[in-house]
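See structure below.
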Amino acid sequence: MKIREVKIGTVKIGGDNPIMVQSMAATRTQDREATLKQINSIWEAGAGLVRVAIDNKDDVEALKWLRERTEANLVVDLQENYLLAEKVAPFVQKFRYNPGHLHHLQKKKTIEEKVEWLVNIAKEHDCAIRIGVNCGSVAPAFLEKYGDKDEAIIQSAVYHVELMDKFGFENFCVSIKDSDPEEVIKLNKRFFQLRSDIPLHLGVTEAGMPPAGVIKTRQAFENLIPDGIGSTVRVSLTLPFDNKAEEIRVGDQIVSDIQAGKFWNEKFQTDGYNIISCPSCSRVENEKFIVLAEKVKELTEKLGEKKMTIAVMGCRVNGPGETDDADLGLWCGPKTVNFKRGEESIGSYTYDEIIPALEEEIKKFN
């Protein structure tokens, strides 16, 4: 079955269209001039789409200002507040909702009613939709129903696609992301077997800092794109705020290499420390997050080898859930860093205190 074509502003994905590379602004959306500069730098680097984070009404006002000053195709994440769709839709070409976050608001409404409302907003404003399933925030109802996390993820994605079919909406794509490239490969292949007509947005979420983040991303893309899986891609790297266009250059290079038959065939090795860190984005509440991620890497390089996963998350949206599966997790607030051992909270530390505390926990880890 041929992959459906989806129109997103001035670009199209799926069908016979080339793979589109996209990225996300890292500046605070309300810092209008800085965000405009970054959107345009990403756009000029060749991105087909630039994402910005919107959390509140002030962000929406900033988005309206940005829309008037850039030609870039814009997309926003609705994350935990899907009701913002009505506010942002006039100013963007696409919005993304997370099936795992729809239960937070308007609890008396069914998921089907909420999705129908989103679809009607998209139809009214000629927006595309991304159904963005994230392995760190799987819909609780599906986890309860299926027990197995992988099955819950797949069935959640399929259910939301079926809702799109029911409401007669075709201008959408799906993403199924994880920080583990092996999971990304397995889950996307499984979904593609069930719905090969739907364009897939590929990415290894929280891939981390180069070069490890690039290796993880290549591993996933090299095992999916040759099979016709993937219509648009995002390379999610932890980078300085002024270098987000690098994600476009890396993404273009990976896609170009795969299409030319040039494969690294390099598998990310997790025999030692596996540092998961989210891409710097406009939801980050303290720019020290980037420095902290680098310090964590430096710390592990000086300590003895241990097979363990450390997650460094930059905001309250990804932080709590995305650190649950790590051996040690840090998620960053405006002034303090929340420190976790798996799902258990160790405490809250200042940015100056956290590295010594982390070193102590690493040394105790068996």
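Ordered as shown in the structure tokens, chains take letters A, B, and onward, while each chain numbers its residues from 1 and ligands are numbered from 1 in the order shown.
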I'd like the contact shell of Gly14 of chain A - 12 Å cut-off, only C-alpha atoms, skipping same-chain residues fewer than 4 positions apart - returned as a PDB file with N, CA and C atoms, in the first residue's frame.
```
ATOM      1  N   MET A   1       0.843  -1.191   0.000  1.00  0.00           N
ATOM      2  CA  MET A   1       0.000   0.000   0.000  1.00  0.00           C
ATOM      3  C   MET A   1       0.880   1.244   0.000  1.00  0.00           C
ATOM      4  N   LYS A   2       0.556   2.199  -0.866  1.00  0.00           N
ATOM      5  CA  LYS A   2       1.360   3.407  -0.968  1.00  0.00           C
ATOM      6  C   LYS A   2       1.131   4.317   0.231  1.00  0.00           C
ATOM      7  N   ILE A   3       2.207   4.977   0.669  1.00  0.00           N
ATOM      8  CA  ILE A   3       2.105   5.902   1.797  1.00  0.00           C
ATOM      9  C   ILE A   3       1.322   7.135   1.366  1.00  0.00           C
ATOM     10  N   ARG A   4       0.380   7.518   2.181  1.00  0.00           N
ATOM     11  CA  ARG A   4      -0.472   8.681   1.924  1.00  0.00           C
ATOM     12  C   ARG A   4       0.352   9.961   1.906  1.00  0.00           C
ATOM     13  N   GLU A   5      -0.019  10.889   1.030  1.00  0.00           N
ATOM     14  CA  GLU A   5       0.647  12.187   0.983  1.00  0.00           C
ATOM     15  C   GLU A   5      -0.015  13.147   1.968  1.00  0.00           C
ATOM     16  N   VAL A   6       0.799  13.870   2.721  1.00  0.00           N
ATOM     17  CA  VAL A   6       0.306  14.831   3.702  1.00  0.00           C
ATOM     18  C   VAL A   6       0.906  16.198   3.399  1.00  0.00           C
ATOM     19  N   LYS A   7       0.064  17.206   3.365  1.00  0.00           N
ATOM     20  CA  LYS A   7       0.504  18.571   3.086  1.00  0.00           C
ATOM     21  C   LYS A   7       0.680  19.332   4.393  1.00  0.00           C
ATOM     22  N   ILE A   8       1.853  19.967   4.532  1.00  0.00           N
ATOM     23  CA  ILE A   8       2.158  20.774   5.714  1.00  0.00           C
ATOM     24  C   ILE A   8       2.681  22.124   5.223  1.00  0.00           C
ATOM     25  N   PRO A  18      10.373  13.556  -1.246  1.00  0.00           N
ATOM     26  CA  PRO A  18      11.618  13.215  -0.535  1.00  0.00           C
ATOM     27  C   PRO A  18      11.416  13.303   0.968  1.00  0.00           C
ATOM     28  N   ILE A  19      12.293  12.648   1.709  1.00  0.00           N
ATOM     29  CA  ILE A  19      12.232  12.684   3.169  1.00  0.00           C
ATOM     30  C   ILE A  19      12.531  14.112   3.638  1.00  0.00           C
ATOM     31  N   MET A  20      11.659  14.628   4.474  1.00  0.00           N
ATOM     32  CA  MET A  20      11.795  16.001   4.963  1.00  0.00           C
ATOM     33  C   MET A  20      12.464  16.002   6.340  1.00  0.00           C
ATOM     34  N   GLU A 170      -7.377  12.939   6.826  1.00  0.00           N
ATOM     35  CA  GLU A 170      -6.246  12.216   6.240  1.00  0.00           C
ATOM     36  C   GLU A 170      -4.928  12.960   6.344  1.00  0.00           C
ATOM     37  N   ASN A 171      -4.962  14.240   6.702  1.00  0.00           N
ATOM     38  CA  ASN A 171      -3.752  15.054   6.668  1.00  0.00           C
ATOM     39  C   ASN A 171      -2.973  14.942   7.986  1.00  0.00           C
ATOM     40  N   PHE A 172      -2.503  13.727   8.261  1.00  0.00           N
ATOM     41  CA  PHE A 172      -1.795  13.494   9.517  1.00  0.00           C
ATOM     42  C   PHE A 172      -0.662  12.493   9.327  1.00  0.00           C
ATOM     43  N   CYS A 173       0.274  12.516  10.276  1.00  0.00           N
ATOM     44  CA  CYS A 173       1.342  11.518  10.322  1.00  0.00           C
ATOM     45  C   CYS A 173       1.441  10.997  11.753  1.00  0.00           C
ATOM     46  N   VAL A 174       2.277  10.002  11.950  1.00  0.00           N
ATOM     47  CA  VAL A 174       2.439   9.364  13.259  1.00  0.00           C
ATOM     48  C   VAL A 174       3.916   9.314  13.611  1.00  0.00           C
ATOM     49  N   SER A 196       0.760   0.611   6.758  1.00  0.00           N
ATOM     50  CA  SER A 196       1.826   1.066   5.866  1.00  0.00           C
ATOM     51  C   SER A 196       1.409   2.257   5.018  1.00  0.00           C
ATOM     52  N   ASP A 197       0.162   2.702   5.152  1.00  0.00           N
ATOM     53  CA  ASP A 197      -0.325   3.854   4.383  1.00  0.00           C
ATOM     54  C   ASP A 197      -0.065   5.181   5.095  1.00  0.00           C
ATOM     55  N   ILE A 198       0.386   5.138   6.344  1.00  0.00           N
ATOM     56  CA  ILE A 198       0.532   6.360   7.141  1.00  0.00           C
ATOM     57  C   ILE A 198       1.977   6.853   7.137  1.00  0.00           C
ATOM     58  N   PRO A 199       2.220   8.130   6.804  1.00  0.00           N
ATOM     59  CA  PRO A 199       3.581   8.665   6.879  1.00  0.00           C
ATOM     60  C   PRO A 199       4.096   8.637   8.315  1.00  0.00           C
ATOM     61  N   LEU A 200       5.330   8.216   8.483  1.00  0.00           N
ATOM     62  CA  LEU A 200       5.931   8.151   9.809  1.00  0.00           C
ATOM     63  C   LEU A 200       6.997   9.226   9.989  1.00  0.00           C
ATOM     64  N   HIS A 201       6.937   9.875  11.114  1.00  0.00           N
ATOM     65  CA  HIS A 201       7.947  10.854  11.533  1.00  0.00           C
ATOM     66  C   HIS A 201       8.922  10.087  12.425  1.00  0.00           C
ATOM     67  N   GLY A 228      11.658   1.713   3.422  1.00  0.00           N
ATOM     68  CA  GLY A 228      10.568   2.609   3.056  1.00  0.00           C
ATOM     69  C   GLY A 228       9.834   3.191   4.248  1.00  0.00           C
ATOM     70  N   ILE A 229      10.425   3.057   5.432  1.00  0.00           N
ATOM     71  CA  ILE A 229       9.791   3.552   6.655  1.00  0.00           C
ATOM     72  C   ILE A 229      10.409   4.887   7.036  1.00  0.00           C
ATOM     73  N   GLY A 230       9.589   5.927   7.023  1.00  0.00           N
ATOM     74  CA  GLY A 230      10.078   7.256   7.384  1.00  0.00           C
ATOM     75  C   GLY A 230       9.851   8.261   6.281  1.00  0.00           C
ATOM     76  N   SER A 231       8.972   9.234   6.530  1.00  0.00           N
ATOM     77  CA  SER A 231       8.684  10.282   5.550  1.00  0.00           C
ATOM     78  C   SER A 231       9.244  11.628   5.977  1.00  0.00           C
ATOM     79  N   THR A 232       9.507  11.771   7.267  1.00  0.00           N
ATOM     80  CA  THR A 232      10.143  12.975   7.793  1.00  0.00           C
ATOM     81  C   THR A 232      10.934  12.571   9.028  1.00  0.00           C
ATOM     82  N   VAL A 233      12.046  13.288   9.310  1.00  0.00           N
ATOM     83  CA  VAL A 233      12.925  12.893  10.410  1.00  0.00           C
ATOM     84  C   VAL A 233      13.312  14.090  11.255  1.00  0.00           C
TER      85      VAL A 233
END
```
Give the helix (DSSP H, G or I) residues of segment 60-91 of chain A, as assigned by DSSP on the backbone, as a PyMOL selection string. chain A and resi 60-67+82-91
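With only C-alpha atoms as the basis for measurement, A:Asn56 is the residue among A:Asn243, A:Ser41, A:Asn17, A:Asn56 that approaches Leu84 of chain A most closely.
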Looking only at strand (DSSP E) from DSSP on the backbone, list the matching residues of segment 120-328 of chain A as a ChimeraX atom specification. /A:128-134,172-177,200-202,232-234,273-277,308-313,328
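With only C-alpha atoms taken into account, the protein and nucleic acid residues at most 10 Å from Leu303 of chain A (excluding it and anything under 3 positions from it in its own chain) are Glu298, Leu299, Thr300, Lys306, Glu359, Ile362 and Lys363 of chain A.
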I need the chosen residues saved as a PDB file, in the first residue's frame, with C-alpha atoms.
```pdb
ATOM      1  CA  GLU A 298      32.741  14.574  31.925  1.00  0.00           C
ATOM      2  CA  LEU A 299      32.025  12.964  35.293  1.00  0.00           C
ATOM      3  CA  THR A 300      31.334   9.532  33.817  1.00  0.00           C
ATOM      4  CA  LYS A 306      29.682   0.901  34.882  1.00  0.00           C
ATOM      5  CA  GLU A 359      29.055  11.137  41.790  1.00  0.00           C
ATOM      6  CA  ILE A 362      27.216   6.449  40.818  1.00  0.00           C
ATOM      7  CA  LYS A 363      29.892   5.112  43.172  1.00  0.00           C
TER       8      LYS A 363
END
```
Can you list every residue of segment 234-269 of chain A that has an atom at most 8 Å from segment 212-224 of chain A, with its nearest atom pair and the distance in Å to one decimal, using only C-alpha atoms, ordered by chain then number, as CSV?
```
residue,atom,partner,partner_atom,distance
A:Val235,CA,A:Thr217,CA,6.7
A:Ser236,CA,A:Gly213,CA,7.6
A:Leu237,CA,A:Gly213,CA,6.0
A:Val250,CA,A:Val214,CA,7.7
A:Ile254,CA,A:Arg218,CA,6.6
A:Val255,CA,A:Phe221,CA,7.9
A:Ile258,CA,A:Glu222,CA,6.5
A:Phe263,CA,A:Glu222,CA,6.9
A:Trp264,CA,A:Arg218,CA,7.7
A:Asn265,CA,A:Gln219,CA,6.9
A:Glu266,CA,A:Gln219,CA,6.5
A:Lys267,CA,A:Gln219,CA,5.9
A:Phe268,CA,A:Lys216,CA,5.7
```
Prev. selection, N, CA and C atoms, output as a PDB file, in the first residue's frame:
```
ATOM      1  N   VAL A 235      16.441  14.886  14.141  1.00  0.00           N
ATOM      2  CA  VAL A 235      17.617  14.473  14.896  1.00  0.00           C
ATOM      3  C   VAL A 235      17.615  15.274  16.185  1.00  0.00           C
ATOM      4  N   SER A 236      17.431  14.598  17.323  1.00  0.00           N
ATOM      5  CA  SER A 236      17.273  15.274  18.618  1.00  0.00           C
ATOM      6  C   SER A 236      18.581  15.237  19.401  1.00  0.00           C
ATOM      7  N   LEU A 237      19.381  16.276  19.271  1.00  0.00           N
ATOM      8  CA  LEU A 237      20.688  16.332  19.917  1.00  0.00           C
ATOM      9  C   LEU A 237      20.725  17.397  20.999  1.00  0.00           C
ATOM     10  N   VAL A 250      23.020  17.432  10.227  1.00  0.00           N
ATOM     11  CA  VAL A 250      23.222  16.017  10.546  1.00  0.00           C
ATOM     12  C   VAL A 250      22.135  15.170   9.906  1.00  0.00           C
ATOM     13  N   ILE A 254      22.670  12.161   7.122  1.00  0.00           N
ATOM     14  CA  ILE A 254      22.264  10.771   7.355  1.00  0.00           C
ATOM     15  C   ILE A 254      21.355  10.276   6.241  1.00  0.00           C
ATOM     16  N   VAL A 255      20.350  11.070   5.907  1.00  0.00           N
ATOM     17  CA  VAL A 255      19.405  10.675   4.845  1.00  0.00           C
ATOM     18  C   VAL A 255      20.138  10.524   3.513  1.00  0.00           C
ATOM     19  N   ILE A 258      22.258   7.295   3.487  1.00  0.00           N
ATOM     20  CA  ILE A 258      21.433   6.090   3.357  1.00  0.00           C
ATOM     21  C   ILE A 258      20.958   5.922   1.920  1.00  0.00           C
ATOM     22  N   PHE A 263      26.437   3.220   4.583  1.00  0.00           N
ATOM     23  CA  PHE A 263      25.955   2.897   5.923  1.00  0.00           C
ATOM     24  C   PHE A 263      27.112   2.824   6.906  1.00  0.00           C
ATOM     25  N   TRP A 264      26.909   3.393   8.088  1.00  0.00           N
ATOM     26  CA  TRP A 264      27.907   3.254   9.140  1.00  0.00           C
ATOM     27  C   TRP A 264      27.842   1.857   9.732  1.00  0.00           C
ATOM     28  N   ASN A 265      26.630   1.320   9.809  1.00  0.00           N
ATOM     29  CA  ASN A 265      26.419   0.003  10.433  1.00  0.00           C
ATOM     30  C   ASN A 265      27.027  -0.042  11.838  1.00  0.00           C
ATOM     31  N   GLU A 266      26.963   1.091  12.513  1.00  0.00           N
ATOM     32  CA  GLU A 266      27.521   1.171  13.867  1.00  0.00           C
ATOM     33  C   GLU A 266      26.386   1.122  14.872  1.00  0.00           C
ATOM     34  N   LYS A 267      26.474   0.211  15.799  1.00  0.00           N
ATOM     35  CA  LYS A 267      25.449   0.054  16.815  1.00  0.00           C
ATOM     36  C   LYS A 267      25.901   0.737  18.093  1.00  0.00           C
ATOM     37  N   PHE A 268      24.994   1.497  18.677  1.00  0.00           N
ATOM     38  CA  PHE A 268      25.346   2.168  19.921  1.00  0.00           C
ATOM     39  C   PHE A 268      25.613   1.141  21.012  1.00  0.00           C
TER      40      PHE A 268
END
```
For Gly203 of chain A, the nearest of the candidates A:Ser348, A:Gln253, A:Ser175, A:Gln30, counting only C-alpha atoms: A:Ser175
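For the residues A:Glu287, A:Glu344, A:Asp242, A:Asp327, ranking by smallest atom-to-atom distance to Lys37 of chain A using only C-alpha atoms places A:Asp242 first.
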Leaving out Ile276 of chain A and any residue of its chain fewer than 5 positions from it, which residues lie within 12 Å of it when counting only C-alpha atoms, given as an mmCIF file with N, CA and C atoms, in the first residue's frame?
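Output saved as result_31.cif:
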```cif
data_model
loop_
_atom_site.group_PDB
_atom_site.id
_atom_site.type_symbol
_atom_site.label_atom_id
_atom_site.label_comp_id
_atom_site.auth_asym_id
_atom_site.auth_seq_id
_atom_site.Cartn_x
_atom_site.Cartn_y
_atom_site.Cartn_z
ATOM 1 N N ASP A 178 11.431 6.725 21.105
ATOM 2 C CA ASP A 178 12.041 6.218 22.339
ATOM 3 C C ASP A 178 13.482 6.699 22.347
ATOM 4 N N SER A 179 14.114 6.684 23.518
ATOM 5 C CA SER A 179 15.529 7.050 23.596
ATOM 6 C C SER A 179 16.440 5.885 23.224
ATOM 7 N N ASP A 180 15.877 4.688 23.103
ATOM 8 C CA ASP A 180 16.617 3.485 22.726
ATOM 9 C C ASP A 180 16.395 3.217 21.241
ATOM 10 N N PRO A 181 17.444 3.296 20.415
ATOM 11 C CA PRO A 181 17.264 3.091 18.978
ATOM 12 C C PRO A 181 16.685 1.726 18.617
ATOM 13 N N VAL A 204 14.935 9.467 17.322
ATOM 14 C CA VAL A 204 15.332 8.878 18.595
ATOM 15 C C VAL A 204 15.271 10.018 19.598
ATOM 16 N N THR A 205 14.272 9.990 20.458
ATOM 17 C CA THR A 205 14.090 11.107 21.376
ATOM 18 C C THR A 205 15.169 11.091 22.455
ATOM 19 N N GLU A 206 15.578 12.270 22.876
ATOM 20 C CA GLU A 206 16.628 12.398 23.895
ATOM 21 C C GLU A 206 17.881 11.612 23.512
ATOM 22 N N ALA A 207 18.271 11.703 22.243
ATOM 23 C CA ALA A 207 19.443 10.949 21.780
ATOM 24 C C ALA A 207 20.713 11.369 22.509
ATOM 25 N N GLY A 208 20.741 12.620 22.974
ATOM 26 C CA GLY A 208 21.881 13.070 23.759
ATOM 27 C C GLY A 208 22.886 13.873 22.971
ATOM 28 N N MET A 209 24.095 13.952 23.493
ATOM 29 C CA MET A 209 25.146 14.767 22.892
ATOM 30 C C MET A 209 25.878 13.996 21.794
ATOM 31 N N PRO A 210 26.389 14.721 20.781
ATOM 32 C CA PRO A 210 27.261 14.063 19.814
ATOM 33 C C PRO A 210 28.531 13.587 20.516
ATOM 34 N N ALA A 212 27.544 10.315 20.493
ATOM 35 C CA ALA A 212 26.638 9.220 20.830
ATOM 36 C C ALA A 212 25.245 9.441 20.250
ATOM 37 N N GLY A 213 24.745 10.690 20.324
ATOM 38 C CA GLY A 213 23.413 10.985 19.810
ATOM 39 C C GLY A 213 23.294 10.765 18.318
ATOM 40 N N LYS A 216 23.226 6.850 17.741
ATOM 41 C CA LYS A 216 21.905 6.297 18.040
ATOM 42 C C LYS A 216 20.924 6.592 16.911
ATOM 43 N N SER A 236 17.431 14.598 17.323
ATOM 44 C CA SER A 236 17.273 15.274 18.618
ATOM 45 C C SER A 236 18.581 15.237 19.401
ATOM 46 N N LEU A 237 19.381 16.276 19.271
ATOM 47 C CA LEU A 237 20.688 16.332 19.917
ATOM 48 C C LEU A 237 20.725 17.397 20.999
ATOM 49 N N THR A 238 21.464 17.133 22.064
ATOM 50 C CA THR A 238 21.700 18.141 23.097
ATOM 51 C C THR A 238 22.829 19.031 22.602
ATOM 52 N N THR A 270 26.051 -0.048 24.779
ATOM 53 C CA THR A 270 25.585 0.337 26.102
ATOM 54 C C THR A 270 26.283 -0.480 27.198
ATOM 55 N N ALA A 293 24.447 18.767 31.404
ATOM 56 C CA ALA A 293 24.571 17.552 30.600
ATOM 57 C C ALA A 293 26.033 17.287 30.243
ATOM 58 N N GLU A 294 26.762 18.354 29.913
ATOM 59 C CA GLU A 294 28.185 18.207 29.584
ATOM 60 C C GLU A 294 28.992 17.777 30.812
ATOM 61 N N VAL A 296 27.872 16.017 33.336
ATOM 62 C CA VAL A 296 27.563 14.608 33.603
ATOM 63 C C VAL A 296 28.429 13.710 32.727
ATOM 64 N N LYS A 297 28.561 14.086 31.464
ATOM 65 C CA LYS A 297 29.409 13.306 30.554
ATOM 66 C C LYS A 297 30.858 13.304 31.034
ATOM 67 N N MET A 308 25.256 1.424 33.172
ATOM 68 C CA MET A 308 24.108 2.094 33.759
ATOM 69 C C MET A 308 23.626 3.219 32.849
ATOM 70 N N THR A 309 22.366 3.594 33.031
ATOM 71 C CA THR A 309 21.765 4.666 32.247
ATOM 72 C C THR A 309 21.499 5.867 33.144
ATOM 73 N N ILE A 310 21.954 7.032 32.679
ATOM 74 C CA ILE A 310 21.719 8.294 33.390
ATOM 75 C C ILE A 310 20.933 9.209 32.458
ATOM 76 N N ALA A 311 19.790 9.689 32.925
ATOM 77 C CA ALA A 311 18.952 10.579 32.122
ATOM 78 C C ALA A 311 19.055 12.003 32.645
ATOM 79 N N VAL A 312 19.253 12.954 31.714
ATOM 80 C CA VAL A 312 19.312 14.375 32.063
ATOM 81 C C VAL A 312 18.255 15.091 31.237
ATOM 82 N N MET A 313 17.169 15.507 31.892
ATOM 83 C CA MET A 313 16.036 16.116 31.199
ATOM 84 C C MET A 313 15.940 17.605 31.535
ATOM 85 N N GLY A 314 15.502 18.385 30.562
ATOM 86 C CA GLY A 314 15.555 19.840 30.712
ATOM 87 C C GLY A 314 14.296 20.542 31.151
ATOM 88 N N ASN A 318 9.032 16.643 30.053
ATOM 89 C CA ASN A 318 9.697 15.363 29.809
ATOM 90 C C ASN A 318 10.337 14.779 31.063
ATOM 91 N N GLY A 319 10.692 15.652 32.017
ATOM 92 C CA GLY A 319 11.470 15.217 33.160
ATOM 93 C C GLY A 319 10.903 14.081 33.978
ATOM 94 N N GLU A 322 10.229 10.678 31.753
ATOM 95 C CA GLU A 322 11.338 10.180 30.937
ATOM 96 C C GLU A 322 12.497 9.666 31.777
ATOM 97 N N THR A 323 12.550 10.048 33.045
ATOM 98 C CA THR A 323 13.643 9.577 33.909
ATOM 99 C C THR A 323 13.293 8.297 34.658
ATOM 100 N N ASP A 324 12.046 7.851 34.585
ATOM 101 C CA ASP A 324 11.614 6.688 35.370
ATOM 102 C C ASP A 324 12.390 5.417 35.040
ATOM 103 N N ASP A 325 12.735 5.229 33.774
ATOM 104 C CA ASP A 325 13.386 3.994 33.352
ATOM 105 C C ASP A 325 14.904 4.034 33.474
ATOM 106 N N ALA A 326 15.443 5.195 33.842
ATOM 107 C CA ALA A 326 16.898 5.317 33.984
ATOM 108 C C ALA A 326 17.327 4.851 35.372
ATOM 109 N N ASP A 327 18.572 4.418 35.479
ATOM 110 C CA ASP A 327 19.104 4.055 36.794
ATOM 111 C C ASP A 327 19.173 5.282 37.689
ATOM 112 N N LEU A 328 19.652 6.383 37.127
ATOM 113 C CA LEU A 328 19.674 7.662 37.820
ATOM 114 C C LEU A 328 19.129 8.726 36.877
ATOM 115 N N GLY A 329 18.275 9.598 37.397
ATOM 116 C CA GLY A 329 17.668 10.607 36.544
ATOM 117 C C GLY A 329 17.737 11.995 37.149
ATOM 118 N N LEU A 330 18.014 12.976 36.297
ATOM 119 C CA LEU A 330 18.040 14.364 36.716
ATOM 120 C C LEU A 330 17.084 15.142 35.819
ATOM 121 N N TRP A 331 16.126 15.833 36.416
ATOM 122 C CA TRP A 331 15.331 16.727 35.572
ATOM 123 C C TRP A 331 15.328 18.120 36.160
#
```
Do a neighbour search on segment 155-168 of chain A at 9 Å with only C-alpha atoms, toss out local chain neighbours closer than 5 positions, and write the hits as a PyMOL selection string. chain A and resi 99-100+112+115-116+119-120+131-133+138-139+142+146+150+173-176+191+194-195+198
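Take atom CA of Glu343 of chain A and atom CA of Lys189 of chain A: the distance between them is 29.2 Å.
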